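Below is target.txt, holding compact mmCIF, C-alpha atoms.
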# COMPACT_ATOMS: atom_id res chain seq x y z
CA MET N 154 -10.55 13.56 4.96
CA SER N 155 -14.11 12.44 4.20
CA CYS N 156 -15.33 10.87 0.98
CA THR N 157 -18.08 12.14 -1.28
CA ILE N 158 -20.21 9.46 -2.95
CA ILE N 159 -21.38 10.55 -6.38
CA GLU N 160 -24.43 8.67 -7.65
CA PRO N 161 -24.73 7.84 -11.37
CA ASN N 162 -25.85 10.81 -13.48
CA ASP N 163 -25.58 13.12 -10.50
CA ASN N 164 -26.01 16.63 -11.91
CA VAL N 165 -25.48 18.50 -8.67
CA ASP N 166 -23.01 21.35 -9.07
CA PRO N 167 -19.92 20.32 -7.05
CA GLY N 168 -19.02 23.96 -6.51
CA PRO N 169 -15.83 25.80 -7.41
CA THR N 170 -12.63 23.81 -7.91
CA VAL N 171 -10.06 24.36 -5.18
CA PRO N 172 -6.76 25.49 -6.72
CA SER N 173 -3.64 23.47 -6.04
CA THR N 174 -1.16 24.78 -3.48
CA ARG N 175 2.62 24.73 -3.70
CA ARG N 176 5.03 25.00 -0.80
CA THR N 177 8.81 25.02 -1.04
CA GLY N 178 11.32 24.19 1.64
CA ASP N 179 9.04 23.97 4.71
CA GLU N 180 7.73 20.38 4.59
CA ALA N 181 9.40 17.10 5.56
CA PHE N 182 8.54 13.44 5.05
CA ALA N 183 8.50 12.99 8.83
CA GLY N 184 5.18 14.85 8.83
CA LEU N 185 3.80 13.10 5.74
CA THR N 186 4.43 9.40 6.46
CA THR N 187 3.05 6.95 9.01
CA ILE N 188 6.53 6.05 10.25
CA ALA N 189 7.26 9.75 10.90
CA THR N 190 10.82 9.83 9.57
CA GLY N 191 12.47 11.42 6.56
CA GLY N 192 14.06 14.69 5.55
CA PRO N 193 12.88 17.79 3.70
CA VAL N 194 10.70 17.91 0.61
CA GLY N 195 11.94 20.15 -2.21
CA GLU N 196 8.47 21.24 -3.29
CA LEU N 197 5.09 19.96 -2.14
CA VAL N 198 2.06 20.30 -4.41
CA ARG N 199 -1.39 19.59 -3.01
CA ALA N 200 -3.61 19.04 -6.05
CA TYR N 201 -7.41 19.22 -5.96
CA SER N 202 -8.22 18.27 -9.56
CA GLU N 203 -7.10 15.74 -12.14
CA ASP N 204 -5.92 18.56 -14.40
CA ASP N 205 -3.76 19.97 -11.63
CA ILE N 206 -2.12 16.59 -11.02
CA VAL N 207 -1.34 16.10 -14.69
CA GLU N 208 -0.02 19.63 -15.05
CA ALA N 209 2.23 19.31 -11.98
CA VAL N 210 3.75 16.08 -13.30
CA ARG N 211 4.04 17.23 -16.92
CA GLU N 212 5.68 20.49 -15.89
CA ALA N 213 8.24 18.68 -13.71
CA ASP N 214 9.02 16.22 -16.51
CA GLU N 215 9.60 19.07 -18.96
CA GLU N 216 11.96 20.71 -16.46
CA GLY N 217 13.82 17.44 -15.86
CA ARG N 218 12.77 17.48 -12.23
CA ALA N 219 12.15 14.31 -10.21
CA VAL N 220 8.53 13.60 -9.26
CA LEU N 221 6.99 11.61 -6.42
CA MET N 222 3.26 10.92 -6.08
CA LEU N 223 2.51 10.56 -2.39
CA GLY N 224 -0.65 9.01 -0.99
CA GLY N 225 -1.18 8.25 2.68
CA GLY N 226 2.55 7.85 3.32
CA SER N 227 2.04 4.35 4.71
CA ASN N 228 4.42 2.60 2.30
CA LEU N 229 7.31 5.06 1.94
CA LEU N 230 10.61 5.30 3.79
CA ALA N 231 12.38 8.48 2.73
CA SER N 232 16.02 9.22 3.47
CA ASP N 233 17.04 11.63 6.19
CA GLN N 234 18.52 13.84 3.46
CA GLY N 235 15.08 14.19 1.90
CA PHE N 236 14.09 14.63 -1.74
CA ASP N 237 14.76 17.77 -3.75
CA GLY N 238 12.15 17.03 -6.43
CA ARG N 239 8.43 17.73 -6.61
CA VAL N 240 6.08 15.75 -4.35
CA VAL N 241 2.44 15.72 -5.47
CA ILE N 242 -0.45 14.74 -3.19
CA ASP N 243 -3.87 14.01 -4.68
CA MET N 244 -6.27 15.75 -2.28
CA ARG N 245 -9.44 14.47 -3.99
CA SER N 246 -11.60 11.99 -2.09
CA GLU N 247 -14.58 10.97 -4.20
CA ILE N 248 -16.33 7.68 -4.90
CA ASP N 249 -18.40 7.26 -8.03
CA GLN N 250 -20.94 4.44 -8.31
CA VAL N 251 -20.47 3.72 -12.02
CA GLN N 252 -22.88 0.85 -12.47
CA VAL N 253 -24.79 -1.72 -10.43
CA SER N 254 -26.46 -4.67 -12.14
CA SER N 255 -27.36 -8.25 -11.35
CA CYS N 256 -25.07 -9.40 -14.17
CA GLY N 257 -22.03 -7.19 -13.73
CA GLY N 258 -22.17 -6.55 -10.01
CA ALA N 259 -21.15 -3.18 -8.60
CA ILE N 260 -18.61 -1.14 -10.53
CA LEU N 261 -17.18 1.43 -8.14
CA ARG N 262 -14.61 4.10 -8.97
CA GLY N 263 -12.62 6.29 -6.62
CA THR N 264 -10.15 9.10 -7.08
CA ALA N 265 -6.56 8.17 -6.30
CA GLY N 266 -6.46 10.28 -3.14
CA THR N 267 -9.45 8.55 -1.54
CA PRO N 268 -8.46 6.76 1.70
CA TRP N 269 -8.55 3.05 0.93
CA ASP N 270 -10.37 1.99 4.09
CA GLU N 271 -13.17 4.48 3.43
CA PHE N 272 -13.59 2.92 -0.02
CA VAL N 273 -13.88 -0.53 1.62
CA ALA N 274 -16.39 0.76 4.18
CA VAL N 275 -18.57 2.30 1.45
CA ALA N 276 -18.60 -0.98 -0.47
CA ILE N 277 -19.65 -2.99 2.58
CA ALA N 278 -22.29 -0.47 3.61
CA ASN N 279 -23.88 -0.80 0.17
CA GLY N 280 -23.92 -4.61 0.24
CA TRP N 281 -21.02 -5.24 -2.14
CA HIS N 282 -18.28 -7.77 -1.47
CA GLY N 283 -14.80 -8.68 -2.67
CA ILE N 284 -12.54 -6.31 -0.70
CA GLU N 285 -13.84 -6.74 2.86
CA ALA N 286 -10.76 -8.68 3.99
CA LEU N 287 -8.66 -5.65 2.98
CA SER N 288 -10.23 -3.53 5.72
CA GLY N 289 -7.99 -1.36 7.87
CA ILE N 290 -5.12 -1.09 5.41
CA PRO N 291 -3.81 2.49 5.57
CA GLY N 292 -2.97 4.57 2.53
CA SER N 293 -4.79 5.80 -0.52
CA LEU N 294 -6.80 4.12 -3.25
CA GLY N 295 -4.28 5.10 -5.92
CA ALA N 296 -1.55 2.99 -4.33
CA THR N 297 -3.54 -0.25 -4.28
CA PRO N 298 -2.92 -1.45 -7.86
CA VAL N 299 0.72 -0.33 -7.80
CA GLN N 300 1.51 -2.73 -4.97
CA ASN N 301 -1.27 -5.26 -5.70
CA VAL N 302 -2.22 -4.84 -2.06
CA GLY N 303 -3.40 -7.99 -0.33
CA ALA N 304 -4.24 -9.42 3.08
CA TYR N 305 -6.17 -12.26 4.70
CA GLY N 306 -6.71 -14.18 1.48
CA GLN N 307 -7.81 -11.31 -0.79
CA GLU N 308 -5.76 -9.09 -3.09
CA ILE N 309 -6.43 -6.26 -5.49
CA ALA N 310 -6.02 -8.51 -8.55
CA ASP N 311 -9.26 -10.31 -7.56
CA THR N 312 -11.53 -7.32 -8.20
CA LEU N 313 -9.62 -4.68 -10.17
CA TYR N 314 -11.59 -3.44 -13.20
CA SER N 315 -9.46 -0.61 -14.61
CA VAL N 316 -6.98 2.11 -13.68
CA ARG N 317 -7.07 5.63 -15.12
CA VAL N 318 -3.54 6.98 -15.47
CA TYR N 319 -1.46 9.76 -16.92
CA ASP N 320 1.18 8.10 -19.11
CA ARG N 321 4.34 10.18 -18.73
CA GLU N 322 5.96 8.62 -21.80
CA ALA N 323 3.00 9.09 -24.17
CA LYS N 324 2.05 12.35 -22.41
CA LYS N 325 -1.65 11.48 -22.32
CA ARG N 326 -4.35 10.09 -20.05
CA THR N 327 -5.59 6.57 -20.64
CA ASP N 328 -7.35 3.65 -18.97
CA LEU N 329 -5.43 0.44 -18.30
CA ALA N 330 -7.07 -2.97 -17.98
CA PRO N 331 -5.75 -5.43 -15.37
CA SER N 332 -4.09 -7.46 -18.13
CA GLU N 333 -2.00 -4.41 -19.05
CA ILE N 334 -0.85 -3.81 -15.49
CA GLY N 335 0.81 -7.18 -14.92
CA LEU N 336 -0.28 -7.76 -11.33
CA SER N 337 1.73 -10.27 -9.32
CA TYR N 338 2.56 -10.80 -5.65
CA ARG N 339 2.97 -7.25 -4.24
CA ASN N 340 4.06 -6.05 -7.65
CA SER N 341 2.89 -4.62 -10.97
CA ARG N 342 4.21 -2.97 -14.12
CA LEU N 343 3.30 0.33 -12.48
CA LYS N 344 5.73 -0.41 -9.65
CA GLU N 345 8.42 -1.93 -11.86
CA SER N 346 8.53 1.18 -14.05
CA THR N 347 10.14 3.11 -11.20
CA ALA N 348 13.42 1.44 -12.15
CA GLN N 349 13.48 3.64 -15.26
CA TRP N 350 11.41 6.64 -14.20
CA GLY N 351 12.58 7.19 -10.64
CA ALA N 352 10.62 7.78 -7.44
CA THR N 353 7.29 7.44 -9.24
CA GLY N 354 6.91 5.30 -12.34
CA ARG N 355 5.76 5.94 -15.87
CA TRP N 356 2.05 5.80 -15.04
CA ILE N 357 0.52 8.29 -12.58
CA VAL N 358 -2.63 6.78 -11.09
CA LEU N 359 -5.57 9.20 -11.28
CA SER N 360 -8.47 6.94 -10.31
CA VAL N 361 -9.15 3.24 -9.78
CA THR N 362 -12.25 1.20 -10.60
CA TYR N 363 -13.26 -2.08 -8.94
CA GLN N 364 -15.90 -4.65 -9.87
CA LEU N 365 -17.51 -6.12 -6.76
CA GLY N 366 -20.06 -8.83 -6.10
CA LEU N 367 -23.57 -8.08 -4.89
CA GLY N 368 -24.60 -9.38 -1.48
CA THR N 369 -24.01 -8.83 2.20
CA LEU N 370 -22.08 -12.08 2.69
CA SER N 371 -18.31 -12.08 2.27
CA THR N 372 -16.45 -14.00 -0.36
CA PRO N 373 -15.34 -17.46 0.93
CA ILE N 374 -12.82 -17.05 3.74
CA ALA N 375 -9.39 -18.14 2.50
CA TYR N 376 -7.20 -17.39 5.53
CA SER N 377 -7.12 -19.79 8.46
CA GLN N 378 -6.35 -17.17 11.13
CA LEU N 379 -9.34 -15.13 10.02
CA ALA N 380 -11.61 -18.18 9.92
CA GLN N 381 -10.50 -19.07 13.44
CA ALA N 382 -11.21 -15.56 14.68
CA LEU N 383 -14.73 -15.82 13.26
CA GLY N 384 -15.31 -19.35 14.59
CA VAL N 385 -15.93 -20.84 11.12
CA ASP N 386 -14.10 -23.08 8.68
CA VAL N 387 -11.96 -21.92 5.77
CA GLY N 388 -14.21 -21.63 2.73
CA GLU N 389 -17.28 -20.48 4.63
CA ARG N 390 -18.92 -17.10 4.16
CA VAL N 391 -20.04 -14.68 6.86
CA PRO N 392 -21.69 -11.25 6.85
CA SER N 393 -19.17 -8.81 5.40
CA THR N 394 -19.69 -6.51 8.36
CA ASP N 395 -18.60 -9.34 10.70
CA LEU N 396 -15.58 -10.11 8.58
CA ARG N 397 -14.56 -6.45 8.52
CA ALA N 398 -14.84 -6.25 12.31
CA ALA N 399 -12.71 -9.39 12.71
CA VAL N 400 -10.05 -8.12 10.30
CA LEU N 401 -9.86 -4.76 12.06
CA GLU N 402 -9.45 -6.51 15.41
CA LEU N 403 -6.72 -8.80 14.07
CA ARG N 404 -4.89 -5.85 12.53
CA ARG N 405 -5.31 -3.83 15.73
CA SER N 406 -3.82 -6.67 17.78
CA LYS N 407 -0.74 -6.52 15.53
CA GLY N 408 -0.43 -2.74 15.66
CA MET N 409 -1.53 -2.48 12.04
CA VAL N 410 -4.39 -0.01 12.54
CA LEU N 411 -3.19 3.58 12.87
CA ASP N 412 -3.42 4.93 16.42
CA ASP N 413 -1.56 8.08 17.46
CA SER N 414 -1.31 6.83 21.03
CA ASP N 415 0.27 3.46 20.10
CA ARG N 416 3.94 3.54 19.03
CA ASP N 417 3.54 0.11 17.42
CA THR N 418 1.47 1.77 14.69
CA TYR N 419 4.24 4.23 13.77
CA SER N 420 5.40 1.91 11.03
CA LEU N 421 5.04 1.06 7.35
CA GLY N 422 3.07 -2.10 7.98
CA SER N 423 4.88 -5.26 6.90
CA PHE N 424 8.45 -4.24 6.13
CA PHE N 425 9.30 -7.44 4.25
CA THR N 426 7.31 -9.51 1.77
CA ASN N 427 6.81 -13.23 2.28
CA PRO N 428 9.61 -15.00 0.37
CA ILE N 429 8.76 -17.11 -2.67
CA VAL N 430 11.45 -19.77 -3.03
CA PRO N 431 12.05 -23.35 -4.20
CA ALA N 432 10.46 -25.93 -1.91
CA GLN N 433 13.84 -27.26 -0.82
CA SER N 434 14.71 -23.84 0.61
CA ILE N 435 11.88 -23.91 3.17
CA PRO N 436 13.24 -24.53 6.69
CA ASP N 437 11.79 -27.37 8.74
CA GLY N 438 8.68 -26.21 10.58
CA ALA N 439 8.18 -23.05 8.52
CA PRO N 440 4.74 -22.42 7.02
CA SER N 441 4.56 -23.08 3.29
CA PHE N 442 1.97 -22.38 0.62
CA PRO N 443 2.09 -23.41 -3.06
CA HIS N 444 2.86 -20.50 -5.41
CA GLY N 445 3.09 -21.77 -8.96
CA ASP N 446 6.24 -23.88 -9.28
CA LEU N 447 7.62 -22.33 -6.09
CA VAL N 448 6.53 -22.08 -2.46
CA LYS N 449 5.69 -19.03 -0.38
CA THR N 450 6.74 -19.00 3.25
CA SER N 451 6.27 -16.62 6.18
CA ALA N 452 8.70 -13.75 6.59
CA ALA N 453 7.47 -13.27 10.16
CA TRP N 454 8.32 -16.92 11.00
CA LEU N 455 11.81 -16.57 9.51
CA ILE N 456 12.46 -13.34 11.38
CA ASP N 457 11.29 -14.71 14.71
CA HIS N 458 13.15 -18.01 14.38
CA ALA N 459 16.35 -16.25 13.29
CA GLY N 460 16.47 -14.66 16.72
CA CYS N 461 14.76 -11.37 15.95
CA GLY N 462 11.79 -11.35 18.28
CA LYS N 463 9.30 -8.63 19.08
CA GLY N 464 11.10 -5.45 20.10
CA TYR N 465 14.35 -6.52 18.42
CA GLY N 466 16.70 -3.69 17.44
CA ALA N 467 15.97 -1.29 20.28
CA GLU N 468 19.42 -1.67 21.80
CA ALA N 469 21.20 -0.89 18.52
CA THR N 470 19.20 2.32 18.03
CA GLY N 471 19.14 3.64 21.57
CA GLY N 472 15.49 2.64 21.87
CA ARG N 473 14.42 4.89 19.01
CA ALA N 474 13.45 2.07 16.61
CA SER N 475 12.73 -1.64 16.84
CA LEU N 476 10.56 -4.42 15.56
CA SER N 477 7.02 -3.96 16.79
CA THR N 478 6.27 -5.32 20.25
CA LYS N 479 3.16 -6.94 18.73
CA HIS N 480 4.29 -8.26 15.35
CA THR N 481 7.77 -9.06 13.99
CA LEU N 482 7.03 -7.94 10.41
CA ALA N 483 6.75 -4.26 11.29
CA ILE N 484 9.64 -1.93 12.12
CA THR N 485 8.49 0.91 14.34
CA ASN N 486 9.52 4.42 15.28
CA ARG N 487 9.51 4.25 19.08
CA GLY N 488 10.08 8.00 19.35
CA GLY N 489 12.65 10.29 17.78
CA ALA N 490 13.84 7.71 15.25
CA SER N 491 15.58 8.68 12.03
CA THR N 492 15.27 6.80 8.77
CA GLU N 493 18.78 5.49 9.36
CA ASP N 494 17.58 4.02 12.68
CA ILE N 495 14.79 2.18 10.83
CA LEU N 496 17.30 0.91 8.27
CA THR N 497 19.65 -0.24 11.02
CA VAL N 498 16.95 -2.56 12.30
CA ALA N 499 15.96 -3.68 8.80
CA ARG N 500 19.53 -4.51 7.77
CA SER N 501 20.18 -6.45 10.96
CA VAL N 502 16.98 -8.48 10.54
CA ARG N 503 17.69 -9.21 6.89
CA GLU N 504 21.27 -10.27 7.60
CA ARG N 505 20.26 -12.61 10.43
CA VAL N 506 17.61 -14.31 8.30
CA ALA N 507 20.09 -14.67 5.42
CA ASP N 508 22.78 -16.08 7.72
CA THR N 509 20.37 -18.51 9.38
CA TYR N 510 18.29 -19.70 6.43
CA GLY N 511 20.00 -18.53 3.24
CA ILE N 512 16.92 -16.53 2.25
CA THR N 513 17.21 -12.82 1.45
CA LEU N 514 14.17 -10.84 2.53
CA VAL N 515 12.82 -8.19 0.17
CA ASN N 516 11.50 -4.89 1.50
CA GLU N 517 7.84 -4.12 0.80
CA PRO N 518 7.85 -0.33 1.34
CA VAL N 519 9.36 2.00 -1.25
CA LEU N 520 12.82 3.19 -0.16
CA LEU N 521 13.34 6.74 -1.40
CA GLY N 522 16.94 7.94 -1.66
CA THR N 523 18.20 5.09 0.47
CA GLY N 524 18.49 1.29 0.54
CA LEU N 525 19.32 -1.79 2.51
CA GLY N 526 22.48 -2.80 0.67
CA ASP N 527 23.33 -6.41 -0.06
CA ALA N 528 22.47 -9.06 2.48
CA PRO N 529 24.79 -12.08 2.77
CA THR N 530 23.55 -15.46 1.57
CA ARG N 531 24.75 -18.95 2.16
In structure tokens, how does this file's structure come out?
Amino acid sequence: MSCTIIEPNDNVDPGPTVPSTRRTGDEAFAGLTTIATGGPVGELVRAYSEDDIVEAVREADEEGRAVLMLGGGSNLLASDQGFDGRVVIDMRSEIDQVQVSSCGGAILRGTAGTPWDEFVAVAIANGWHGIEALSGIPGSLGATPVQNVGAYGQEIADTLYSVRVYDREAKKRTDLAPSEIGLSYRNSRLKESTAQWGATGRWIVLSVTYQLGLGTLSTPIAYSQLAQALGVDVGERVPSTDLRAAVLELRRSKGMVLDDSDRDTYSLGSFFTNPIVPAQSIPDGAPSFPHGDLVKTSAAWLIDHAGCGKGYGAEATGGRASLSTKHTLAITNRGGASTEDILTVARSVRERVADTYGITLVNEPVLLGTGLGDAPTR
């Protein structure tokens, strides 16, 4: 899918609107997610306009039918039994340069279906910074504020300007400011609302707007591994193009850049979030970073030191699923895996970390129609 950049006040006729398509009973999550597992989809709607998205959701709500908005499928683990509700995919991929000024920077808006990494590439190509360290992250633009996506010292909360949504409770479209979204570490009110509303929460993301700085240099580098890769000190700035290249290489080395020929990329990225716990809970030797009154530590360190190294879990699943052979935070489909195989590895990892360190890891991907169960704690 390629993006269309719409300049301000662009009066060019975009041509006829493509009607949405609906398919019933012949699609499965295995073909719609990066981990390539999951059962059948009840109904799949591919929507090509904002009106079509709103109508598909509103209609399902009126019928009492479950709804799931699906982006790039890079953060969803669906059960092998599937989902009998309506799955809606935003097929739009447009970027709108709203405003550029020396005072306000660049205000850039994209439709929810726009691939996130293309949005980052457009920003860098135009000399705008603030999201360059988020290069290479798979998935769509619409998912970024839901999860408060972050990596290598940057996160969405740093540059988010507004989110256009369809409010399923109020039954209207509105724009939400960052203060209304409640962004926190890999979380937001948008995500939390799924507890009441089901697979997709109260607010359906239609487009997202970011406010970026002007200039070809990156924001100050805040991540030591990235600074080391670039041969500079933490806090220095480098050309954004150089930083993007370094991030892509780091992610590629961990199997975190999608590659059909590399089984380590058949995953959902980091399966567990980094735990945020009291300082006294941090094991000796584990990395620690201040996080308010608590401390954040490394899930990858805990997993590795609990005896779950790279490739762990293959024996228990007949070789179909395991931790990545490059990075212990990702659980991978090695070929022919089911969702239950992925969960087998996840449960085992979570239990070993809990038994060893008394810390319960929390899954980062959305688990649809399934779960990890309770992990033991000390």
(request) Quote the spacing between atom CA of Thr481 of chain N and atom CA of Ala453 of chain N in Å to one decimal place. (result) 5.7 Å
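When all atoms listed in the file are used to compute distances to Ser423 of chain N, the closest of the residues N:Val506, N:Asp386, N:Arg339, N:Pro440 turns out to be N:Arg339.
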(request) For atom CA of Arg473 of chain N and atom CA of Ala499 of chain N, determine how far apart the two atoms are, in Å to one decimal place. (result) 13.4 Å
(request) Would you mind telling me which residue in N:Thr177, N:Thr478, N:Thr394, N:Lys449 lies nearest to Ala274 of chain N when using all atoms listed in the file? (result) N:Thr394
(request) Extract, using all atoms listed in the file, all DNA, RNA and protein residues at most 8 Å from segment 206-213 of chain N, discarding same-chain residues fewer than 4 positions from it, and format them as a list in words. (result)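 These residues fall inside the cut-off: Val198, Ala200, Tyr201, Ser202, Gly217, Arg218, Ala219, Val220, Arg239, Val241, Asp243, Tyr319, Arg321 and Lys324 of chain N.
Each of N:Tyr305, N:Ala276, N:Leu223, N:Asp457 was compared to Arg503 of chain N using all atoms listed in the file, and N:Asp457 turns out to be the nearest.
Residues lying within 8 Å of Gly235 of chain N, counting only C-alpha atoms and ignoring same-chain neighbours fewer than 5 positions away, are Ala181, Phe182, Gly191, Gly192, Pro193, Val194, Gly195 and Gly522 of chain N.
Across the model, the gap from atom CA of Val430 of chain N to atom CA of Ala452 of chain N is 11.7 Å.
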(request) Using all atoms listed in the file, pick whichever of N:Gln307, N:Asn486, N:Thr492, N:Ser406 has the shortest atom-to-atom distance to Leu521 of chain N. (result)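 Distance minimum relative to Leu521 of chain N lands on N:Thr492.
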(message) Could you check the closest approach to Val515 of chain N for each of N:Asn340, N:Gly184, N:Leu396, N:Trp281 and tell me which residue wins, using all atoms listed in the file?
(response)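 Ranking N:Asn340, N:Gly184, N:Leu396, N:Trp281 by distance to Val515 of chain N, first place goes to N:Asn340.
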From the coordinates supplied, segment 172-209 of chain N should be written with C-alpha atoms, as a PDB file, in the first residue's frame.
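Produced file out27.pdb, reproduced below:
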ATOM      1  CA  PRO N 172     -16.941   1.272  -2.166  1.00  0.00           C
ATOM      2  CA  SER N 173     -16.288  -0.903   0.853  1.00  0.00           C
ATOM      3  CA  THR N 174     -16.228  -4.666   0.388  1.00  0.00           C
ATOM      4  CA  ARG N 175     -17.690  -7.304   2.689  1.00  0.00           C
ATOM      5  CA  ARG N 176     -16.699 -10.948   2.812  1.00  0.00           C
ATOM      6  CA  THR N 177     -18.224 -13.590   5.072  1.00  0.00           C
ATOM      7  CA  GLY N 178     -16.727 -16.879   6.135  1.00  0.00           C
ATOM      8  CA  ASP N 179     -13.663 -17.048   3.843  1.00  0.00           C
ATOM      9  CA  GLU N 180     -11.024 -15.043   5.740  1.00  0.00           C
ATOM     10  CA  ALA N 181      -8.871 -16.000   8.738  1.00  0.00           C
ATOM     11  CA  PHE N 182      -6.609 -14.067  11.086  1.00  0.00           C
ATOM     12  CA  ALA N 183      -3.704 -16.265   9.997  1.00  0.00           C
ATOM     13  CA  GLY N 184      -3.703 -14.325   6.729  1.00  0.00           C
ATOM     14  CA  LEU N 185      -4.244 -10.919   8.346  1.00  0.00           C
ATOM     15  CA  THR N 186      -1.627 -10.835  11.135  1.00  0.00           C
ATOM     16  CA  THR N 187       2.161 -10.748  11.184  1.00  0.00           C
ATOM     17  CA  ILE N 188       2.353 -13.833  13.384  1.00  0.00           C
ATOM     18  CA  ALA N 189       0.213 -15.771  10.881  1.00  0.00           C
ATOM     19  CA  THR N 190      -2.013 -17.584  13.364  1.00  0.00           C
ATOM     20  CA  GLY N 191      -5.681 -17.356  14.277  1.00  0.00           C
ATOM     21  CA  GLY N 192      -9.000 -18.775  13.188  1.00  0.00           C
ATOM     22  CA  PRO N 193     -11.819 -17.596  10.933  1.00  0.00           C
ATOM     23  CA  VAL N 194     -13.258 -14.091  10.731  1.00  0.00           C
ATOM     24  CA  GLY N 195     -17.054 -13.852  10.858  1.00  0.00           C
ATOM     25  CA  GLU N 196     -17.264 -10.920   8.457  1.00  0.00           C
ATOM     26  CA  LEU N 197     -14.466  -8.806   7.011  1.00  0.00           C
ATOM     27  CA  VAL N 198     -15.179  -5.262   5.850  1.00  0.00           C
ATOM     28  CA  ARG N 199     -12.545  -3.396   3.861  1.00  0.00           C
ATOM     29  CA  ALA N 200     -13.511   0.269   4.099  1.00  0.00           C
ATOM     30  CA  TYR N 201     -12.228   2.963   1.738  1.00  0.00           C
ATOM     31  CA  SER N 202     -13.820   6.052   3.293  1.00  0.00           C
ATOM     32  CA  GLU N 203     -14.403   7.509   6.739  1.00  0.00           C
ATOM     33  CA  ASP N 204     -18.156   7.294   6.200  1.00  0.00           C
ATOM     34  CA  ASP N 205     -17.902   3.598   5.393  1.00  0.00           C
ATOM     35  CA  ILE N 206     -15.927   2.924   8.582  1.00  0.00           C
ATOM     36  CA  VAL N 207     -18.426   4.766  10.747  1.00  0.00           C
ATOM     37  CA  GLU N 208     -21.370   3.069   9.071  1.00  0.00           C
ATOM     38  CA  ALA N 209     -19.844  -0.417   9.467  1.00  0.00           C
TER      39      ALA N 209
END
